[in-house]
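The data block below is final38.tsv; it holds TSV, C-alpha atoms.
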```tsv
chain	number	residue	atom	x	y	z
A	309	MET	CA	75.23	99.78	118.86
A	310	VAL	CA	77.74	100.79	116.22
A	311	GLY	CA	79.28	103.58	118.29
A	312	SER	CA	79.68	101.43	121.40
A	313	LEU	CA	81.17	98.56	119.41
A	314	VAL	CA	83.74	100.68	117.60
A	315	ILE	CA	84.80	102.56	120.74
A	316	ALA	CA	85.09	99.29	122.68
A	317	ILE	CA	87.36	97.79	120.05
A	318	THR	CA	89.44	100.97	119.91
A	319	PHE	CA	90.00	101.07	123.67
A	320	ALA	CA	90.51	97.30	124.06
A	321	PRO	CA	94.36	97.47	124.09
A	322	THR	CA	94.43	100.49	126.44
A	323	PRO	CA	95.78	99.61	129.92
A	324	GLY	CA	93.20	100.08	132.67
A	325	ALA	CA	90.26	100.30	130.30
A	326	THR	CA	88.90	96.79	130.90
A	327	SER	CA	85.76	97.93	132.73
A	328	LEU	CA	84.97	100.60	130.14
A	329	VAL	CA	85.44	98.14	127.29
A	330	ALA	CA	83.21	95.54	128.98
A	331	ILE	CA	80.45	98.12	129.52
A	332	LEU	CA	80.65	99.33	125.93
A	333	PHE	CA	80.49	95.78	124.56
A	334	ALA	CA	77.47	95.12	126.78
A	335	VAL	CA	75.76	98.26	125.48
A	336	ALA	CA	76.46	97.16	121.90
A	337	VAL	CA	74.97	93.70	122.50
A	338	VAL	CA	71.86	95.05	124.24
A	339	ALA	CA	71.34	97.68	121.54
A	340	ALA	CA	71.66	95.03	118.81
A	341	VAL	CA	69.11	92.78	120.50
A	342	LEU	CA	66.66	95.65	120.95
A	343	PHE	CA	67.13	96.80	117.36
A	344	PHE	CA	66.44	93.40	115.83
A	345	ARG	CA	63.53	92.84	118.18
A	346	ARG	CA	62.02	96.14	117.11
A	347	GLN	CA	62.48	95.33	113.42
A	348	ARG	CA	60.63	92.06	113.84
A	349	GLN	CA	57.67	93.73	115.57
A	350	ALA	CA	57.34	96.94	113.55
A	351	ALA	CA	54.58	97.09	110.92
A	352	ASN	CA	56.86	99.02	108.59
A	353	PRO	CA	60.40	98.10	109.72
A	354	LEU	CA	63.40	100.23	108.97
A	355	TYR	CA	65.29	97.01	108.18
A	356	ASP	CA	63.07	94.19	106.92
A	357	LEU	CA	64.61	90.97	108.24
A	358	THR	CA	62.34	88.89	105.99
A	359	TYR	CA	64.51	89.85	103.04
A	360	ALA	CA	67.75	90.44	104.93
A	361	LYS	CA	67.89	86.77	105.93
A	362	ARG	CA	68.17	85.66	102.31
A	363	PRO	CA	71.70	84.25	101.79
A	364	ILE	CA	72.23	86.28	98.63
A	365	PHE	CA	71.58	89.41	100.70
A	366	TRP	CA	73.26	88.85	104.07
A	367	VAL	CA	76.33	87.01	102.76
A	368	ALA	CA	76.92	89.77	100.22
A	369	ALA	CA	76.43	92.37	102.96
A	370	LEU	CA	78.96	90.76	105.31
A	371	GLY	CA	81.35	90.06	102.46
A	372	GLY	CA	81.17	93.68	101.37
A	373	MET	CA	81.83	94.86	104.92
A	374	ILE	CA	84.97	92.74	105.10
A	375	CYS	CA	86.07	93.85	101.65
A	376	PHE	CA	85.52	97.58	101.98
A	377	GLY	CA	86.62	97.44	105.62
A	378	SER	CA	89.92	95.95	104.47
A	379	LEU	CA	90.40	98.85	102.08
A	380	MET	CA	89.85	101.51	104.73
A	381	ALA	CA	91.86	99.67	107.38
A	382	CYS	CA	94.79	99.26	104.98
A	383	MET	CA	94.66	102.97	104.18
A	384	PHE	CA	94.74	103.73	107.91
A	385	VAL	CA	97.63	101.40	108.79
A	386	GLY	CA	99.44	101.82	105.47
A	387	GLN	CA	99.54	105.60	105.74
A	388	GLN	CA	101.34	105.32	109.07
A	389	TYR	CA	103.66	102.68	107.64
A	390	LEU	CA	104.69	104.95	104.79
A	391	GLN	CA	105.52	107.80	107.17
A	392	ASN	CA	106.73	105.95	110.29
A	393	GLY	CA	108.12	102.79	108.70
A	394	LEU	CA	109.64	104.16	105.51
A	395	GLY	CA	110.03	107.80	106.54
A	396	LEU	CA	108.30	109.20	103.45
A	397	PRO	CA	107.10	112.81	103.51
A	398	THR	CA	103.38	113.56	103.72
A	399	ALA	CA	102.84	114.27	100.01
A	400	GLN	CA	104.43	111.00	98.89
A	401	SER	CA	102.62	109.06	101.59
A	402	GLY	CA	99.35	110.41	100.26
A	403	ALA	CA	100.19	109.66	96.63
A	404	VAL	CA	101.34	106.04	96.95
A	405	PRO	CA	97.90	104.59	97.92
A	406	LEU	CA	96.50	105.92	94.63
A	407	ALA	CA	97.76	102.62	93.20
A	408	ALA	CA	94.69	101.05	94.83
A	409	ALA	CA	92.43	103.47	92.97
A	410	VAL	CA	94.12	102.55	89.70
A	411	GLY	CA	93.44	98.87	90.38
A	412	MET	CA	89.80	99.50	91.29
A	413	ILE	CA	89.11	101.55	88.17
A	414	GLY	CA	90.96	99.11	85.91
A	415	VAL	CA	88.78	96.10	86.81
A	416	ALA	CA	85.39	97.81	87.21
A	417	GLY	CA	84.15	96.64	83.81
A	418	LEU	CA	85.68	93.18	84.23
A	419	SER	CA	83.83	92.69	87.51
A	420	ALA	CA	80.45	93.35	85.90
A	421	ARG	CA	81.21	90.80	83.15
A	422	LEU	CA	82.31	88.24	85.72
A	423	VAL	CA	79.01	88.61	87.57
A	424	GLU	CA	77.06	88.14	84.35
A	425	ARG	CA	79.03	85.16	83.09
A	426	ARG	CA	80.09	83.30	86.21
A	427	GLY	CA	77.79	84.63	88.92
A	428	SER	CA	78.33	86.81	91.97
A	429	ARG	CA	79.85	83.97	93.98
A	430	SER	CA	82.83	83.54	91.66
A	431	ALA	CA	83.38	87.29	91.41
A	432	LEU	CA	83.32	87.66	95.19
A	433	LEU	CA	85.81	84.83	95.64
A	434	ILE	CA	88.19	86.21	93.02
A	435	GLY	CA	88.02	89.63	94.64
A	436	PHE	CA	88.67	88.18	98.08
A	437	MET	CA	91.70	86.29	96.78
A	438	PHE	CA	93.28	89.51	95.55
A	439	VAL	CA	92.60	91.21	98.90
A	440	LEU	CA	94.18	88.21	100.65
A	441	LEU	CA	97.18	88.51	98.32
A	442	ALA	CA	97.48	92.20	99.20
A	443	PHE	CA	97.56	91.46	102.92
A	444	GLY	CA	100.11	88.71	102.28
A	445	ILE	CA	102.38	91.15	100.42
A	446	MET	CA	102.07	93.64	103.28
A	447	LEU	CA	102.83	91.02	105.91
A	448	ALA	CA	105.79	89.48	104.10
A	449	PHE	CA	107.41	92.40	102.28
A	450	TRP	CA	106.42	95.70	103.87
A	451	THR	CA	109.55	96.11	105.97
A	452	GLU	CA	111.71	99.13	106.82
A	453	THR	CA	113.74	98.44	103.65
A	454	ALA	CA	110.84	97.70	101.27
A	455	SER	CA	111.13	99.13	97.77
A	456	TRP	CA	108.45	101.43	96.42
A	457	GLU	CA	107.57	98.81	93.80
A	458	VAL	CA	106.60	96.33	96.52
A	459	VAL	CA	104.51	98.93	98.34
A	460	LEU	CA	102.72	99.90	95.12
A	461	LEU	CA	102.12	96.22	94.35
A	462	GLY	CA	100.41	95.72	97.69
A	463	TYR	CA	98.08	98.66	97.16
A	464	PHE	CA	97.43	97.69	93.53
A	465	ALA	CA	96.47	94.12	94.50
A	466	LEU	CA	94.17	95.55	97.15
A	467	GLY	CA	92.50	97.79	94.57
A	468	LEU	CA	92.02	94.85	92.20
A	469	GLY	CA	90.32	92.86	94.94
A	470	ILE	CA	87.99	95.67	95.99
A	471	GLY	CA	87.18	96.52	92.37
A	472	ILE	CA	86.23	92.93	91.55
A	473	ALA	CA	84.31	92.16	94.77
A	474	GLY	CA	82.53	95.50	95.02
A	475	THR	CA	80.18	94.98	92.06
A	476	PRO	CA	78.80	91.54	93.07
A	477	SER	CA	78.31	92.63	96.67
A	478	SER	CA	76.25	95.68	95.64
A	479	HIS	CA	74.43	93.83	92.84
A	480	SER	CA	73.37	91.01	95.16
A	481	LEU	CA	71.91	93.43	97.70
A	482	THR	CA	69.61	95.14	95.23
A	483	ALA	CA	68.68	91.98	93.33
A	484	ALA	CA	67.67	90.07	96.46
A	485	VAL	CA	64.96	92.49	97.66
A	486	PRO	CA	61.68	93.77	96.18
A	487	VAL	CA	61.63	97.12	94.42
A	488	ALA	CA	59.76	98.56	97.42
A	489	LYS	CA	62.80	97.71	99.59
A	490	ALA	CA	65.40	99.22	97.28
A	491	GLY	CA	66.09	101.88	99.88
A	492	MET	CA	67.07	99.20	102.39
A	493	ALA	CA	69.42	97.62	99.85
A	494	SER	CA	70.96	100.98	99.00
A	495	ALA	CA	71.42	101.81	102.67
A	496	THR	CA	73.07	98.42	103.23
A	497	ALA	CA	75.49	99.16	100.40
A	498	ASP	CA	76.46	102.34	102.23
A	499	LEU	CA	76.62	100.40	105.49
A	500	GLN	CA	79.18	98.07	103.94
A	501	ARG	CA	81.59	100.96	103.64
A	502	ASP	CA	80.71	102.84	106.82
A	503	LEU	CA	80.30	100.00	109.30
A	504	GLY	CA	82.84	97.74	107.62
A	505	GLY	CA	85.39	100.54	107.51
A	506	ALA	CA	84.77	101.59	111.11
A	507	VAL	CA	84.96	98.07	112.55
A	508	MET	CA	87.91	96.85	110.48
A	509	GLN	CA	89.83	100.06	111.07
A	510	ALA	CA	89.15	99.79	114.80
A	511	ILE	CA	90.28	96.14	114.91
A	512	LEU	CA	93.44	96.61	112.87
A	513	GLY	CA	94.21	99.87	114.66
A	514	ALA	CA	93.81	98.23	118.07
A	515	LEU	CA	96.09	95.36	117.04
A	516	LEU	CA	98.63	97.83	115.66
A	517	THR	CA	98.65	99.59	119.04
A	518	ALA	CA	98.83	96.35	121.02
A	519	GLY	CA	101.59	94.91	118.85
A	520	TYR	CA	103.58	98.13	119.03
A	521	ALA	CA	103.36	98.21	122.84
A	522	ALA	CA	104.23	94.53	123.22
A	523	SER	CA	107.25	94.81	120.94
A	524	PHE	CA	108.52	97.93	122.71
A	525	ALA	CA	108.21	96.18	126.08
A	526	THR	CA	110.29	93.27	124.77
A	527	LEU	CA	112.96	95.57	123.36
A	528	ALA	CA	113.07	97.61	126.57
A	529	ALA	CA	113.55	94.46	128.63
A	530	GLY	CA	116.68	93.65	126.64
A	531	ALA	CA	118.08	97.20	126.69
A	532	PRO	CA	121.63	97.70	128.07
A	533	GLN	CA	120.27	100.11	130.69
A	534	PRO	CA	117.03	99.65	132.65
A	535	VAL	CA	114.02	101.65	131.44
A	536	SER	CA	111.69	103.04	134.10
A	537	ALA	CA	108.00	102.15	134.07
A	538	ASP	CA	106.95	105.76	133.42
A	539	THR	CA	109.38	106.12	130.52
A	540	LEU	CA	108.29	102.81	129.02
A	541	SER	CA	104.65	103.85	129.31
A	542	GLN	CA	105.35	107.02	127.33
A	543	LEU	CA	107.32	105.11	124.71
A	544	GLN	CA	104.53	102.57	124.29
A	545	LYS	CA	101.77	105.11	123.70
A	546	SER	CA	102.53	105.77	120.05
A	547	PHE	CA	105.26	106.31	117.50
A	548	SER	CA	104.91	110.08	117.89
A	549	SER	CA	105.35	109.77	121.67
A	550	ALA	CA	108.57	107.87	121.10
A	551	GLU	CA	109.77	110.55	118.69
A	552	ALA	CA	109.05	113.22	121.31
A	553	MET	CA	110.99	111.20	123.88
A	554	ALA	CA	113.90	110.87	121.46
A	555	THR	CA	113.99	114.66	121.14
A	556	GLN	CA	114.09	115.06	124.93
A	557	TYR	CA	116.95	112.58	125.28
A	558	PRO	CA	119.26	113.15	122.29
A	559	GLN	CA	121.88	110.79	123.70
A	560	TYR	CA	119.40	107.93	123.24
A	561	SER	CA	117.69	109.35	120.18
A	562	GLU	CA	118.92	106.78	117.68
A	563	ALA	CA	118.15	103.83	119.94
A	564	ILE	CA	114.62	105.11	120.70
A	565	THR	CA	113.81	105.85	117.06
A	566	THR	CA	115.09	102.46	115.91
A	567	ALA	CA	113.10	100.67	118.61
A	568	ALA	CA	109.97	102.67	117.76
A	569	GLN	CA	110.28	101.83	114.08
A	570	GLU	CA	110.85	98.15	114.78
A	571	SER	CA	107.92	98.08	117.21
A	572	PHE	CA	105.63	99.83	114.74
A	573	LEU	CA	106.44	97.28	112.04
A	574	ALA	CA	105.73	94.46	114.50
A	575	GLY	CA	102.37	95.99	115.35
A	576	ALA	CA	101.57	96.50	111.67
A	577	ASN	CA	102.24	92.81	111.06
A	578	TRP	CA	99.67	91.98	113.74
A	579	ALA	CA	97.18	94.13	111.84
A	580	TYR	CA	97.98	92.56	108.45
A	581	ALA	CA	97.65	89.06	109.90
A	582	ALA	CA	94.25	89.96	111.36
A	583	GLY	CA	93.22	91.31	107.96
A	584	MET	CA	94.16	88.00	106.37
A	585	ILE	CA	92.07	86.12	108.93
A	586	ALA	CA	89.06	88.37	108.25
A	587	VAL	CA	89.36	87.80	104.51
A	588	ILE	CA	89.65	84.03	104.99
A	589	VAL	CA	86.48	84.14	107.10
A	590	GLY	CA	84.80	85.99	104.23
A	591	ILE	CA	85.97	83.38	101.72
A	592	VAL	CA	84.67	80.52	103.87
A	593	LEU	CA	81.35	82.32	104.31
A	594	VAL	CA	80.90	82.83	100.55
A	595	VAL	CA	81.88	79.23	99.73
A	596	TRP	CA	79.60	77.87	102.43
A	597	LYS	CA	76.47	80.00	102.11
A	598	PHE	CA	76.39	81.95	98.85
A	599	PRO	CA	74.60	80.03	96.06
A	600	LYS	CA	76.43	79.00	92.92
A	601	ARG	CA	75.66	80.65	89.58
A	602	ASP	CA	72.70	78.48	88.52
A	603	ASP	CA	71.16	78.49	91.99
A	604	GLU	CA	71.67	82.24	92.25
A	605	ARG	CA	69.89	82.83	88.95
A	606	ARG	CA	67.03	80.56	89.97
A	607	LEU	CA	66.59	82.33	93.31
A	608	LEU	CA	66.76	85.79	91.76
A	609	ALA	CA	64.13	84.73	89.20
A	610	GLU	CA	61.89	83.54	92.05
A	611	TYR	CA	62.38	86.80	93.93
A	612	ALA	CA	61.52	88.80	90.82
A	613	ALA	CA	58.43	86.69	90.11
A	614	ASP	CA	57.15	87.27	93.66
A	615	ASP	CA	57.75	91.03	93.51
A	616	PRO	CA	54.66	93.01	92.45
A	617	GLY	CA	56.80	96.09	91.88
A	618	ARG	CA	58.91	94.37	89.24
A	619	GLN	CA	55.89	92.89	87.57
A	620	VAL	CA	54.36	96.35	87.23
A	621	SER	CA	57.64	97.70	85.83
A	622	ALA	CA	57.81	94.87	83.32
A	623	ALA	CA	54.21	95.50	82.22
```
Would you kindly transcribe this structure into structure tokens?
Amino acid sequence: MVGSLVIAITFAPTPGATSLVAILFAVAVVAAVLFFRRQRQAANPLYDLTYAKRPIFWVAALGGMICFGSLMACMFVGQQYLQNGLGLPTAQSGAVPLAAAVGMIGVAGLSARLVERRGSRSALLIGFMFVLLAFGIMLAFWTETASWEVVLLGYFALGLGIGIAGTPSSHSLTAAVPVAKAGMASATADLQRDLGGAVMQAILGALLTAGYAASFATLAAGAPQPVSADTLSQLQKSFSSAEAMATQYPQYSEAITTAAQESFLAGANWAYAAGMIAVIVGIVLVVWKFPKRDDERRLLAEYAADDPGRQVSAA
């Protein structure tokens, strides 16, 4: 299910891949249906849907996927932006995103206190707002002339959001299930990063590719000299393909490189906008379905009271 879904998203913007994408999406849907059907029927399910359907669990799981997926997708798109958009060397491009790590580490303790004092819902929403801010900075200010301060600010805001939202998402998973199902909660915490990262990276990467190709087609249509279909196809494949073409045709090198850079930035904006939409969906989901602090504490107390494993531990 996961493999088919991610590959389908990745190949969605590829010309001529419509049939392949449709088949892969169908495989993903069928596999998902069969998986959930099996979990409902199994005497000892791998994934117990009785507990997974609790709002504290599934909302936190989906919220964590969006949150951690945003981090990995931003690293994927942002790394290319630093090299292709700003022309930074590899070492600097690898060092700049460390600002996100600084943000995550800096608020780790604060996030735990927020969960204790104001509940997981508030902590999740605050974290999501910082991630939304990060995407907004990227969309509005990450241009070909952006200063390093603005780039660092975007990554730092992203790190703050992930650092604040990460604790409540993981805490809610473990607190919402019996001790006997702690393995399922732990696996779901890992799934947040793996599945969320794979899906969000595939979506933002696909939009980056589609936006790049669309922008290049528009620029080619307005070029002083006509561009052949084969040449345009090569230019639209990727930024590196355009660079290779610029090397082959030195007389047009500057024009090709400029167009490639402009097209890449247009595609990156598509990706950042999609990231903002995903985060907004996460915010709406948390506001709509995740219980407020008092309700959360009441539900967690009920779950603990009904859990024989916790009663034995307490005794």
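For the choices A:Phe343, A:Gly462, A:Ile472, A:Gly467, the atom-to-atom distance to A:Ala420 is smallest for A:Ile472 when using all atoms listed in the file.
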d(atom CA of A:Lys489, atom CA of A:Ala506) in Å: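 That distance, rounded to one decimal, is 25.1 Å.
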Distance in Å - atom CA of A:Leu593 versus atom CA of A:Ser430: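 According to the coordinates, atom CA of A:Leu593 and atom CA of A:Ser430 are separated by 12.8 Å.
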Mind checking which residues fall within 10 Å of A:Met553, counting all atoms listed in the file, ignoring those fewer than 4 positions away in the same chain, and posting them as an mmCIF file with C-alpha atoms, in the coordinates of the input?
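Final output, saved to result-v1.cif:
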```cif
data_model
loop_
_atom_site.group_PDB
_atom_site.id
_atom_site.type_symbol
_atom_site.label_atom_id
_atom_site.label_comp_id
_atom_site.auth_asym_id
_atom_site.auth_seq_id
_atom_site.Cartn_x
_atom_site.Cartn_y
_atom_site.Cartn_z
ATOM 1 C CA THR A 539 109.380 106.120 130.520
ATOM 2 C CA GLN A 542 105.350 107.020 127.330
ATOM 3 C CA LEU A 543 107.320 105.110 124.710
ATOM 4 C CA PHE A 547 105.260 106.310 117.500
ATOM 5 C CA SER A 548 104.910 110.080 117.890
ATOM 6 C CA SER A 549 105.350 109.770 121.670
ATOM 7 C CA TYR A 557 116.950 112.580 125.280
ATOM 8 C CA PRO A 558 119.260 113.150 122.290
ATOM 9 C CA TYR A 560 119.400 107.930 123.240
ATOM 10 C CA SER A 561 117.690 109.350 120.180
ATOM 11 C CA ILE A 564 114.620 105.110 120.700
ATOM 12 C CA THR A 565 113.810 105.850 117.060
#
```
Of the listed residues A:Ala493, A:Leu499, A:Leu512, A:Ile591, that which approaches A:Asn577 most closely, counting all atoms listed in the file: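 Answer, going by the shortest atom-to-atom distance: A:Leu512.
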Point (96.3, 92.9, 111.4), cut-off 12 Å, counting all atoms listed in the file, residues as a PyMOL selection string: chain A and resi 378+381-382+384-386+440+443-444+446-447+508-520+573-587
Pairwise distance for atom CA of A:Ser477 and atom CA of A:Asp614, rounded to one decimal in Å: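 These two atoms are separated by 22.0 Å.
When all atoms listed in the file are used to measure the gap to A:Phe365, the shortest distance among A:Thr318, A:Gln388, A:Gln500, A:Ser401 belongs to A:Gln500.
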Top pick for closest residue to A:Tyr359, considering A:Gln347, A:Thr475, A:Gln569, A:Gln544 and counting only C-alpha atoms: A:Gln347
Non-local contacts of A:Asp615 (10 Å; all atoms listed in the file; under 5 positions in same chain excluded) as a ChimeraX atom specification: /A:485-488,609-610,620
Residues just named, written with C-alpha atoms as a compact mmCIF listing (two decimals), in the frame of the given file:
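Writing done, so here's selection_0.txt:
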```txt
# COMPACT_ATOMS: atom_id res chain seq x y z
CA VAL A 485 64.96 92.49 97.66
CA PRO A 486 61.68 93.77 96.18
CA VAL A 487 61.63 97.12 94.42
CA ALA A 488 59.76 98.56 97.42
CA ALA A 609 64.13 84.73 89.20
CA GLU A 610 61.89 83.54 92.05
CA VAL A 620 54.36 96.35 87.23
```
A:Leu503 environment, 12 Å, only C-alpha atoms, sequence neighbours closer than 4 positions dropped, as a PyMOL selection string: chain A and resi 309-311+313-314+369-370+372-378+380-381+495-499+507-510
What does the file look like for those residues with C-alpha atoms, as a tab-separated table (two decimals), keeping the file's coordinate frame?
```tsv
chain	number	residue	atom	x	y	z
A	309	MET	CA	75.23	99.78	118.86
A	310	VAL	CA	77.74	100.79	116.22
A	311	GLY	CA	79.28	103.58	118.29
A	313	LEU	CA	81.17	98.56	119.41
A	314	VAL	CA	83.74	100.68	117.60
A	369	ALA	CA	76.43	92.37	102.96
A	370	LEU	CA	78.96	90.76	105.31
A	372	GLY	CA	81.17	93.68	101.37
A	373	MET	CA	81.83	94.86	104.92
A	374	ILE	CA	84.97	92.74	105.10
A	375	CYS	CA	86.07	93.85	101.65
A	376	PHE	CA	85.52	97.58	101.98
A	377	GLY	CA	86.62	97.44	105.62
A	378	SER	CA	89.92	95.95	104.47
A	380	MET	CA	89.85	101.51	104.73
A	381	ALA	CA	91.86	99.67	107.38
A	495	ALA	CA	71.42	101.81	102.67
A	496	THR	CA	73.07	98.42	103.23
A	497	ALA	CA	75.49	99.16	100.40
A	498	ASP	CA	76.46	102.34	102.23
A	499	LEU	CA	76.62	100.40	105.49
A	507	VAL	CA	84.96	98.07	112.55
A	508	MET	CA	87.91	96.85	110.48
A	509	GLN	CA	89.83	100.06	111.07
A	510	ALA	CA	89.15	99.79	114.80
```
Closest of A:Leu468, A:Met412, A:Phe344, A:Ala521 to A:Ala360 - atom-to-atom distances counting all atoms listed in the file: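 Ranking A:Leu468, A:Met412, A:Phe344, A:Ala521 by distance to A:Ala360, first place goes to A:Phe344.
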Among the residues A:Ala528, A:Ala316, A:Val459, A:Ala448, the one that comes closest to A:Leu406 [using all atoms listed in the file]: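 Of the candidates, the smallest distance to A:Leu406 is held by A:Val459.
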Contact residues around A:Asp603 with all atoms listed in the file at 12 Å, ignoring same-chain residues under 2 positions, as a list of chain:residue names: A:Pro363, A:Ile364, A:Arg426, A:Gly427, A:Ser428, A:Arg429, A:Lys597, A:Phe598, A:Pro599, A:Lys600, A:Arg601, A:Arg605, A:Arg606, A:Leu607, A:Leu608, A:Ala609, A:Glu610
